[in-house]
$ cat run.csv   # CSV, C-alpha atoms and all ligand atoms
chain,number,residue,atom,x,y,z
A,1,MET,CA,7.9,-6.6,23.7
A,2,LYS,CA,6.3,-3.3,22.7
A,3,GLN,CA,2.9,-3.7,21.1
A,4,LEU,CA,2.0,-1.4,18.3
A,5,GLU,CA,-1.4,0.2,18.1
A,6,LEU,CA,-1.2,-0.2,14.4
A,7,PRO,CA,0.9,-3.2,13.5
A,8,PRO,CA,2.7,-3.1,10.2
A,9,ARG,CA,0.9,-5.0,7.5
A,10,VAL,CA,3.1,-7.6,5.9
A,11,LEU,CA,2.7,-9.6,2.7
A,12,VAL,CA,4.6,-12.7,1.9
A,13,ILE,CA,4.1,-13.1,-1.9
A,14,SER,CA,5.1,-16.5,-3.3
A,15,ALA,CA,5.2,-17.6,-6.9
A,16,SER,CA,5.5,-21.3,-7.3
A,17,PRO,CA,2.8,-23.8,-8.3
A,18,ASN,CA,4.2,-26.3,-5.7
A,19,LYS,CA,2.8,-26.1,-2.2
A,20,ASP,CA,5.5,-28.2,-0.6
A,21,GLY,CA,8.7,-27.2,-2.5
A,22,LEU,CA,11.6,-25.0,-1.8
A,23,THR,CA,9.7,-21.8,-2.5
A,24,ALA,CA,6.9,-22.8,-0.1
A,25,ALA,CA,9.5,-23.6,2.6
A,26,CYS,CA,11.1,-20.1,2.1
A,27,ALA,CA,7.6,-18.5,2.4
A,28,ALA,CA,6.9,-20.5,5.5
A,29,ALA,CA,10.2,-19.4,7.0
A,30,ALA,CA,9.3,-15.8,6.2
A,31,LEU,CA,5.9,-16.1,7.9
A,32,GLN,CA,7.6,-17.6,10.9
A,33,GLY,CA,10.0,-14.7,11.1
A,34,VAL,CA,7.2,-12.2,11.0
A,35,GLY,CA,5.5,-14.2,13.8
A,36,ASP,CA,8.7,-14.2,15.8
A,37,ALA,CA,8.6,-10.4,15.6
A,38,GLY,CA,5.1,-10.5,17.1
A,39,ASP,CA,3.3,-9.6,13.9
A,40,VAL,CA,1.2,-11.5,11.4
A,41,ALA,CA,1.6,-11.7,7.6
A,42,ASP,CA,-0.7,-12.7,4.9
A,43,GLU,CA,0.7,-15.1,2.3
A,44,ILE,CA,-0.4,-14.5,-1.2
A,45,ARG,CA,0.2,-17.5,-3.5
A,46,LEU,CA,0.3,-15.9,-7.0
A,47,ASN,CA,-0.3,-19.3,-8.7
A,48,ASP,CA,-3.6,-19.5,-7.0
A,49,LEU,CA,-4.7,-16.2,-8.6
A,50,LYS,CA,-5.6,-15.3,-12.1
A,51,VAL,CA,-3.0,-12.6,-12.9
A,52,GLY,CA,-2.1,-12.6,-16.6
A,53,MET,CA,0.8,-11.1,-18.4
A,54,CYS,CA,1.0,-7.4,-19.3
A,55,ARG,CA,-0.4,-6.8,-22.8
A,56,ALA,CA,1.5,-3.6,-23.5
A,57,CYS,CA,-1.8,-1.9,-24.4
A,58,GLU,CA,-2.2,0.7,-27.1
A,59,ASN,CA,1.2,2.2,-28.1
A,60,GLY,CA,2.9,0.3,-25.2
A,61,TRP,CA,1.3,2.3,-22.4
A,62,GLY,CA,-2.3,2.1,-21.4
A,63,THR,CA,-4.0,3.2,-18.2
A,64,CYS,CA,-0.9,2.2,-16.2
A,65,LEU,CA,0.6,5.5,-17.3
A,66,SER,CA,-2.4,7.7,-17.4
A,67,LYS,CA,-4.3,6.4,-14.3
A,68,HIS,CA,-1.8,4.1,-12.6
A,69,GLU,CA,-4.2,1.3,-13.0
A,70,CYS,CA,-4.0,-1.8,-15.2
A,71,GLN,CA,-6.8,-2.1,-17.8
A,72,VAL,CA,-6.4,-5.9,-18.1
A,73,GLU,CA,-9.2,-7.1,-15.8
A,74,ASP,CA,-8.4,-10.1,-13.7
A,75,ASP,CA,-7.3,-10.7,-10.1
A,76,PHE,CA,-4.6,-8.0,-10.4
A,77,GLN,CA,-6.9,-5.2,-9.4
A,78,ALA,CA,-7.7,-6.7,-6.0
A,79,LEU,CA,-4.1,-7.7,-5.5
A,80,HIS,CA,-2.8,-4.2,-6.5
A,81,ALA,CA,-5.1,-2.7,-3.8
A,82,ARG,CA,-3.9,-5.2,-1.2
A,83,VAL,CA,-0.3,-4.5,-2.0
A,84,LEU,CA,-0.8,-0.7,-1.6
A,85,GLU,CA,-2.3,-1.3,1.9
A,86,ALA,CA,0.7,-3.2,3.1
A,87,ASP,CA,3.8,-1.8,4.7
A,88,ALA,CA,6.4,-4.5,4.1
A,89,TYR,CA,6.9,-7.3,1.6
A,90,ILE,CA,8.7,-10.6,1.3
A,91,LEU,CA,8.7,-11.7,-2.4
A,92,VAL,CA,9.7,-15.4,-2.9
A,93,THR,CA,10.1,-16.8,-6.4
A,94,PRO,CA,11.5,-20.1,-7.7
A,95,VAL,CA,14.3,-19.5,-10.2
A,96,TYR,CA,13.1,-20.4,-13.7
A,97,TRP,CA,15.7,-20.0,-16.4
A,98,GLY,CA,17.7,-17.7,-14.2
A,99,GLU,CA,14.7,-15.4,-13.9
A,100,MET,CA,11.6,-15.0,-11.8
A,101,SER,CA,8.8,-17.5,-12.4
A,102,GLU,CA,6.1,-16.5,-14.8
A,103,SER,CA,3.6,-15.7,-12.1
A,104,ALA,CA,6.1,-13.5,-10.3
A,105,LYS,CA,7.0,-11.8,-13.6
A,106,ALA,CA,3.4,-11.2,-14.6
A,107,PHE,CA,2.6,-9.7,-11.2
A,108,THR,CA,5.8,-7.6,-10.8
A,109,ASP,CA,5.6,-6.3,-14.4
A,110,ARG,CA,2.1,-5.0,-14.1
A,111,LEU,CA,2.6,-3.6,-10.6
A,112,ARG,CA,5.8,-1.8,-11.8
A,113,ARG,CA,3.9,-0.1,-14.7
A,114,CYS,CA,1.3,1.2,-12.3
A,115,GLU,CA,3.5,2.3,-9.5
A,116,ALA,CA,6.9,3.2,-11.1
A,117,THR,CA,5.0,5.7,-13.2
A,118,ARG,CA,4.1,7.6,-10.0
A,119,GLY,CA,7.7,8.3,-9.3
A,120,ASP,CA,8.3,9.1,-5.7
A,121,ARG,CA,4.6,8.8,-5.1
A,122,SER,CA,4.7,5.1,-5.8
A,123,GLY,CA,2.6,3.2,-3.3
A,124,LEU,CA,5.6,1.1,-2.4
A,125,SER,CA,7.9,4.1,-1.9
A,126,GLY,CA,10.3,3.5,0.9
A,127,LYS,CA,8.6,0.3,2.0
A,128,PRO,CA,11.1,-2.5,2.8
A,129,VAL,CA,11.3,-5.6,0.6
A,130,ILE,CA,13.0,-8.9,1.2
A,131,ALA,CA,13.5,-10.7,-2.2
A,132,VAL,CA,14.2,-14.5,-2.2
A,133,ALA,CA,15.3,-16.5,-5.2
A,134,ALA,CA,14.9,-20.2,-4.7
A,135,ALA,CA,16.9,-22.2,-7.3
A,136,GLY,CA,16.0,-25.8,-6.6
A,137,GLY,CA,17.5,-27.4,-9.7
A,138,SER,CA,21.1,-26.8,-10.9
A,139,GLY,CA,21.4,-23.8,-8.5
A,140,ASN,CA,22.2,-21.7,-11.6
A,141,GLY,CA,20.6,-18.3,-12.1
A,142,MET,CA,20.1,-17.2,-8.5
A,143,ILE,CA,22.0,-14.0,-9.0
A,144,THR,CA,20.5,-13.0,-12.4
A,145,CYS,CA,17.0,-13.6,-10.8
A,146,LEU,CA,17.9,-11.5,-7.8
A,147,ALA,CA,19.3,-8.8,-10.1
A,148,SER,CA,16.0,-8.5,-11.9
A,149,MET,CA,14.2,-8.4,-8.5
A,150,GLU,CA,16.6,-5.7,-7.4
A,151,ARG,CA,15.8,-3.6,-10.4
A,152,TRP,CA,12.1,-4.0,-9.8
A,153,ILE,CA,12.5,-2.8,-6.2
A,154,GLU,CA,14.4,0.2,-7.5
A,155,HIS,CA,11.8,1.0,-10.2
A,156,VAL,CA,8.9,0.9,-7.7
A,157,ARG,CA,10.9,3.1,-5.3
A,158,ALA,CA,10.7,0.4,-2.5
A,159,ARG,CA,13.6,-0.2,-0.2
A,160,LYS,CA,15.9,-3.3,-0.5
A,161,PHE,CA,16.0,-4.8,2.9
A,162,ASP,CA,17.7,-8.0,1.7
A,163,LEU,CA,18.2,-10.1,-1.4
A,164,ILE,CA,18.5,-13.8,-0.5
A,165,PRO,CA,19.6,-16.6,-2.8
A,166,VAL,CA,18.7,-20.2,-1.8
A,167,ASN,CA,19.6,-23.5,-3.4
A,168,ARG,CA,19.3,-27.1,-2.4
A,169,TRP,CA,22.6,-27.2,-0.6
A,170,SER,CA,22.1,-23.9,1.3
A,171,ARG,CA,18.5,-24.7,2.1
A,172,GLU,CA,18.9,-25.4,5.8
A,173,TYR,CA,20.9,-22.3,6.8
A,174,LYS,CA,19.1,-20.0,4.3
A,175,LEU,CA,15.7,-20.9,5.7
A,176,GLN,CA,17.1,-19.7,9.1
A,177,ALA,CA,18.4,-16.5,7.4
A,178,ILE,CA,15.0,-15.8,5.8
A,179,GLN,CA,13.3,-16.3,9.1
A,180,SER,CA,15.8,-14.0,10.8
A,181,ALA,CA,15.6,-11.4,8.0
A,182,ALA,CA,11.8,-11.2,8.2
A,183,GLU,CA,11.9,-11.0,12.0
A,184,THR,CA,14.6,-8.2,11.9
A,185,MET,CA,12.7,-6.3,9.1
A,186,ILE,CA,9.5,-6.2,11.2
A,187,ARG,CA,11.3,-5.4,14.4
A,188,LEU,CA,13.1,-2.4,12.8
A,189,GLU,CA,9.9,-1.2,11.1
A,190,THR,CA,8.1,-1.4,14.4
A,191,THR,CA,10.9,0.6,16.2
A,192,GLN,CA,11.0,3.2,13.4
A,193,SER,CA,7.2,3.7,13.3
A,194,ALA,CA,6.7,3.7,17.0
A,201,LIG,C1,10.8,-23.9,-16.2
A,201,LIG,C2,11.8,-24.2,-15.1
A,201,LIG,C3,13.0,-23.6,-15.2
A,201,LIG,C4,13.9,-23.8,-14.1
A,201,LIG,N1,15.2,-23.1,-14.2
A,201,LIG,C5,16.0,-23.3,-13.1
A,201,LIG,C6,17.2,-22.6,-13.1
A,201,LIG,O1,17.6,-21.8,-13.9
A,201,LIG,N2,18.1,-22.8,-12.0
A,201,LIG,C7,17.7,-23.7,-11.0
A,201,LIG,O2,18.5,-23.8,-10.1
A,201,LIG,N3,16.6,-24.3,-11.0
A,201,LIG,C8,15.7,-24.1,-12.0
A,201,LIG,N4,14.5,-24.8,-12.0
A,201,LIG,C9,14.2,-25.5,-10.8
A,201,LIG,C10,13.4,-24.7,-9.9
A,201,LIG,O3,14.2,-23.5,-9.5
A,201,LIG,C11,13.0,-25.5,-8.7
A,201,LIG,O4,12.0,-26.3,-9.2
A,201,LIG,C12,12.8,-24.6,-7.6
A,201,LIG,O5,13.1,-25.2,-6.3
A,201,LIG,C13,11.3,-24.3,-7.4
A,201,LIG,O6,10.8,-25.4,-6.9
A,201,LIG,P1,9.5,-25.2,-6.0
A,201,LIG,O7,8.4,-24.9,-6.9
A,201,LIG,O8,9.4,-26.6,-5.4
A,201,LIG,O9,9.8,-24.2,-5.0
A,201,LIG,C14,13.6,-24.6,-13.0
A,201,LIG,C15,12.3,-25.2,-13.0
A,201,LIG,C16,11.4,-24.9,-14.0
A,201,LIG,C17,10.0,-25.6,-13.8
$ encode --input "run.csv" --output "structure tokens"
Amino acid sequence: MKQLELPPRVLVISASPNKDGLTAACAAAALQGVGDAGDVADEIRLNDLKVGMCRACENGWGTCLSKHECQVEDDFQALHARVLEADAYILVTPVYWGEMSESAKAFTDRLRRCEATRGDRSGLSGKPVIAVAAAGGSGNGMITCLASMERWIEHVRARKFDLIPVNRWSREYKLQAIQSAAETMIRLETTQSA
């Protein structure tokens, strides 16, 4: 396999408090897939960080509009910098009420304000994203969750590589699909940037 001088930097961002649940299994499958492509990814567990909700500062826009930085100081600033350094992303959230989990929502809301406001100069512009919605309860709400993730990807000008719904019944074959999607995404990125 061709070795890259500068391997793509990949982030697997997961958003569940549980370290051994469905979301964690999806993140592990993604990490495995990146490894299968001969690369390494960092996993960022949002629930281990202190990333609060957007406060809609001032008249609704704060420094997210004027400076493309969030003025609410917590772990977001370091996370934001790390996201900008990366070349590809796998975002895995549990489905809560048919939406992203609160930690995923807080992170994506604040990142969107900072980067969508750059337009085509967004730090995520053109970078591929695999979005995974893990609905481990009723199985309801996977598609509404993925729809909001899809809108977020569009707003930050990233590229939808895949949108993958997972529930308790599809778990086994969807974990394989996530692994395969991650591997394929990295292999294609490697080929295109070589
Ligand atoms: C507040 C809350 C809301 C939830 N809403 C849904 C839902 O709309 N649909 C669903 O299938 N599961 C729902 N669940 C179950 C989670 O999707 C399930 O726990 C999921 O597998 C995440 O588990 P994990 O943290 O072990 O990955 C909900 C769980 C919580 C805590």
$ closest_residue --input "run.csv" --among "A:Ala133, A:Cys145, A:Leu188, A:Leu31" --to "Arg171 of chain A" --atoms "all atoms listed in the file"
A:Ala133
$ residues_near_ligand --input "run.csv" --ligand "ligand LIG 201 (chain A)" --cutoff "12 Å" --atoms "all atoms listed in the file" --output "ChimeraX atom specification"
/A:14-28,45,47,92-103,132-146,165-171
$ residues_around --input "run.csv" --residues "segment 71-81 of chain A" --least-positions-apart "5" --cutoff "12 Å" --atoms "only C-alpha atoms" --output "JSON, numbers by chain"
{"A": [11, 13, 43, 44, 45, 46, 47, 48, 49, 50, 51, 52, 53, 54, 55, 56, 57, 58, 61, 62, 63, 64, 65, 66, 86, 103, 106, 107, 108, 109, 110, 111, 112, 113, 114, 115, 122, 123, 124]}
$ write_last_selection --input "run.csv" --atoms "C-alpha atoms" --output "CSV table (one decimal), in the frame of the given file"
chain,number,residue,atom,x,y,z
A,11,LEU,CA,2.7,-9.6,2.7
A,13,ILE,CA,4.1,-13.1,-1.9
A,43,GLU,CA,0.7,-15.1,2.3
A,44,ILE,CA,-0.4,-14.5,-1.2
A,45,ARG,CA,0.2,-17.5,-3.5
A,46,LEU,CA,0.3,-15.9,-7.0
A,47,ASN,CA,-0.3,-19.3,-8.7
A,48,ASP,CA,-3.6,-19.5,-7.0
A,49,LEU,CA,-4.7,-16.2,-8.6
A,50,LYS,CA,-5.6,-15.3,-12.1
A,51,VAL,CA,-3.0,-12.6,-12.9
A,52,GLY,CA,-2.1,-12.6,-16.6
A,53,MET,CA,0.8,-11.1,-18.4
A,54,CYS,CA,1.0,-7.4,-19.3
A,55,ARG,CA,-0.4,-6.8,-22.8
A,56,ALA,CA,1.5,-3.6,-23.5
A,57,CYS,CA,-1.8,-1.9,-24.4
A,58,GLU,CA,-2.2,0.7,-27.1
A,61,TRP,CA,1.3,2.3,-22.4
A,62,GLY,CA,-2.3,2.1,-21.4
A,63,THR,CA,-4.0,3.2,-18.2
A,64,CYS,CA,-0.9,2.2,-16.2
A,65,LEU,CA,0.6,5.5,-17.3
A,66,SER,CA,-2.4,7.7,-17.4
A,86,ALA,CA,0.7,-3.2,3.1
A,103,SER,CA,3.6,-15.7,-12.1
A,106,ALA,CA,3.4,-11.2,-14.6
A,107,PHE,CA,2.6,-9.7,-11.2
A,108,THR,CA,5.8,-7.6,-10.8
A,109,ASP,CA,5.6,-6.3,-14.4
A,110,ARG,CA,2.1,-5.0,-14.1
A,111,LEU,CA,2.6,-3.6,-10.6
A,112,ARG,CA,5.8,-1.8,-11.8
A,113,ARG,CA,3.9,-0.1,-14.7
A,114,CYS,CA,1.3,1.2,-12.3
A,115,GLU,CA,3.5,2.3,-9.5
A,122,SER,CA,4.7,5.1,-5.8
A,123,GLY,CA,2.6,3.2,-3.3
A,124,LEU,CA,5.6,1.1,-2.4
$ closest_residue --input "run.csv" --among "A:Ala104, A:Ala131, A:Ala177, A:Val12" --to "Asp87 of chain A" --atoms "only C-alpha atoms"
A:Val12
$ closest_residue --input "run.csv" --among "A:Ile90, A:Thr117, A:Glu85, A:Val34" --to "Lys67 of chain A" --atoms "all atoms listed in the file"
A:Thr117
$ atom_distance --input "run.csv" --atom1 "atom CA of Ile178 of chain A" --atom2 "atom CA of Asp36 of chain A"
11.9 Å
$ closest_residue --input "run.csv" --among "A:Leu175, A:Val83, A:Ala147, A:Ala158" --to "Gly119 of chain A" --atoms "all atoms listed in the file"
A:Ala158
$ atom_distance --input "run.csv" --atom1 "atom CA of Gly33 of chain A" --atom2 "atom CA of Leu163 of chain A"
15.6 Å
$ atom_distance --input "run.csv" --atom1 "atom CA of Thr190 of chain A" --atom2 "atom CA of Ser148 of chain A"
28.4 Å
$ closest_residue --input "run.csv" --among "A:Lys127, A:Lys160, A:Lys174, A:Lys105" --to "Val10 of chain A" --atoms "only C-alpha atoms"
A:Lys127
$ closest_residue --input "run.csv" --among "A:Ala116, A:Val129, A:Met149, A:Cys70" --to "Tyr89 of chain A" --atoms "all atoms listed in the file"
A:Val129
$ decode --input "run.csv" --residues "segment 108-121 of chain A" --atoms "all heavy atoms" --output "short mmCIF file (atom, residue, chain, number, x, y, z; two decimals), in the first residue's frame"
data_model
loop_
_atom_site.label_atom_id
_atom_site.label_comp_id
_atom_site.auth_asym_id
_atom_site.auth_seq_id
_atom_site.Cartn_x
_atom_site.Cartn_y
_atom_site.Cartn_z
N THR A 108 -21.47 21.04 17.77
CA THR A 108 -21.74 21.38 16.37
C THR A 108 -22.34 22.78 16.23
O THR A 108 -22.05 23.49 15.27
CB THR A 108 -22.65 20.33 15.70
OG1 THR A 108 -23.86 20.17 16.47
CG2 THR A 108 -21.96 19.00 15.57
N ASP A 109 -23.15 23.19 17.19
CA ASP A 109 -23.73 24.55 17.12
C ASP A 109 -22.64 25.60 17.16
O ASP A 109 -22.63 26.55 16.36
CB ASP A 109 -24.67 24.80 18.31
CG ASP A 109 -26.06 24.24 18.08
OD1 ASP A 109 -26.36 23.81 16.96
OD2 ASP A 109 -26.85 24.24 19.06
N ARG A 110 -21.73 25.46 18.09
CA ARG A 110 -20.69 26.48 18.25
C ARG A 110 -19.70 26.45 17.09
O ARG A 110 -19.27 27.50 16.60
CB ARG A 110 -20.01 26.32 19.61
CG ARG A 110 -20.95 26.70 20.74
CD ARG A 110 -20.39 26.36 22.10
NE ARG A 110 -19.23 27.14 22.46
CZ ARG A 110 -18.50 26.91 23.56
NH1 ARG A 110 -18.83 25.91 24.38
NH2 ARG A 110 -17.46 27.67 23.82
N LEU A 111 -19.38 25.25 16.63
CA LEU A 111 -18.46 25.15 15.49
C LEU A 111 -19.10 25.73 14.23
O LEU A 111 -18.45 26.44 13.44
CB LEU A 111 -18.07 23.68 15.27
CG LEU A 111 -17.04 23.40 14.19
CD1 LEU A 111 -15.73 24.12 14.49
CD2 LEU A 111 -16.79 21.91 14.06
N ARG A 112 -20.38 25.49 14.05
CA ARG A 112 -21.09 26.03 12.87
C ARG A 112 -21.08 27.55 12.88
O ARG A 112 -20.82 28.18 11.85
CB ARG A 112 -22.53 25.51 12.86
CG ARG A 112 -23.41 26.20 11.82
CD ARG A 112 -24.69 25.46 11.57
NE ARG A 112 -25.43 25.15 12.78
CZ ARG A 112 -26.48 24.33 12.82
NH1 ARG A 112 -26.89 23.74 11.74
NH2 ARG A 112 -27.12 24.11 13.96
N ARG A 113 -21.33 28.15 14.03
CA ARG A 113 -21.33 29.61 14.09
C ARG A 113 -19.97 30.18 13.68
O ARG A 113 -19.90 31.19 13.00
CB ARG A 113 -21.68 30.06 15.51
CG ARG A 113 -23.18 30.04 15.78
CD ARG A 113 -23.44 30.31 17.24
NE ARG A 113 -24.84 30.62 17.48
CZ ARG A 113 -25.35 31.84 17.51
NH1 ARG A 113 -24.56 32.89 17.33
NH2 ARG A 113 -26.63 32.03 17.72
N CYS A 114 -18.90 29.50 14.12
CA CYS A 114 -17.55 30.01 13.82
C CYS A 114 -17.14 29.76 12.37
O CYS A 114 -16.46 30.58 11.77
CB CYS A 114 -16.52 29.36 14.75
SG CYS A 114 -16.72 29.80 16.48
N GLU A 115 -17.55 28.62 11.83
CA GLU A 115 -17.04 28.24 10.51
C GLU A 115 -18.01 28.52 9.37
O GLU A 115 -17.58 28.90 8.28
CB GLU A 115 -16.61 26.77 10.51
CG GLU A 115 -15.44 26.49 11.44
CD GLU A 115 -14.19 27.33 11.13
OE1 GLU A 115 -13.94 27.58 9.93
OE2 GLU A 115 -13.49 27.74 12.07
N ALA A 116 -19.31 28.35 9.60
CA ALA A 116 -20.27 28.65 8.52
C ALA A 116 -20.19 30.11 8.14
O ALA A 116 -20.43 30.48 6.98
CB ALA A 116 -21.68 28.27 8.95
N THR A 117 -19.83 30.96 9.12
CA THR A 117 -19.77 32.40 8.86
C THR A 117 -18.54 32.78 8.04
O THR A 117 -18.37 33.93 7.68
CB THR A 117 -19.76 33.17 10.19
OG1 THR A 117 -18.79 32.57 11.07
CG2 THR A 117 -21.13 33.13 10.86
N ARG A 118 -17.66 31.82 7.75
CA ARG A 118 -16.54 32.07 6.84
C ARG A 118 -16.94 31.76 5.40
O ARG A 118 -16.13 31.95 4.50
CB ARG A 118 -15.36 31.15 7.17
CG ARG A 118 -14.63 31.47 8.44
CD ARG A 118 -13.45 30.49 8.54
NE ARG A 118 -12.81 30.50 9.82
CZ ARG A 118 -11.83 31.34 10.17
NH1 ARG A 118 -11.42 32.23 9.32
NH2 ARG A 118 -11.29 31.26 11.36
N GLY A 119 -18.11 31.21 5.20
CA GLY A 119 -18.52 30.85 3.84
C GLY A 119 -17.59 29.79 3.27
O GLY A 119 -17.24 28.82 3.96
N ASP A 120 -17.16 30.00 2.05
CA ASP A 120 -16.31 28.99 1.40
C ASP A 120 -14.93 28.89 2.02
O ASP A 120 -14.17 27.98 1.69
CB ASP A 120 -16.18 29.29 -0.11
CG ASP A 120 -17.48 28.99 -0.84
OD1 ASP A 120 -18.29 28.22 -0.30
OD2 ASP A 120 -17.68 29.55 -1.94
N ARG A 121 -14.60 29.83 2.92
CA ARG A 121 -13.31 29.74 3.61
C ARG A 121 -13.44 29.02 4.96
O ARG A 121 -12.53 29.05 5.78
CB ARG A 121 -12.71 31.14 3.78
CG ARG A 121 -12.22 31.69 2.45
CD ARG A 121 -11.54 33.04 2.59
NE ARG A 121 -12.51 34.06 2.98
CZ ARG A 121 -12.43 34.78 4.11
NH1 ARG A 121 -11.44 34.61 4.93
NH2 ARG A 121 -13.36 35.66 4.38
#
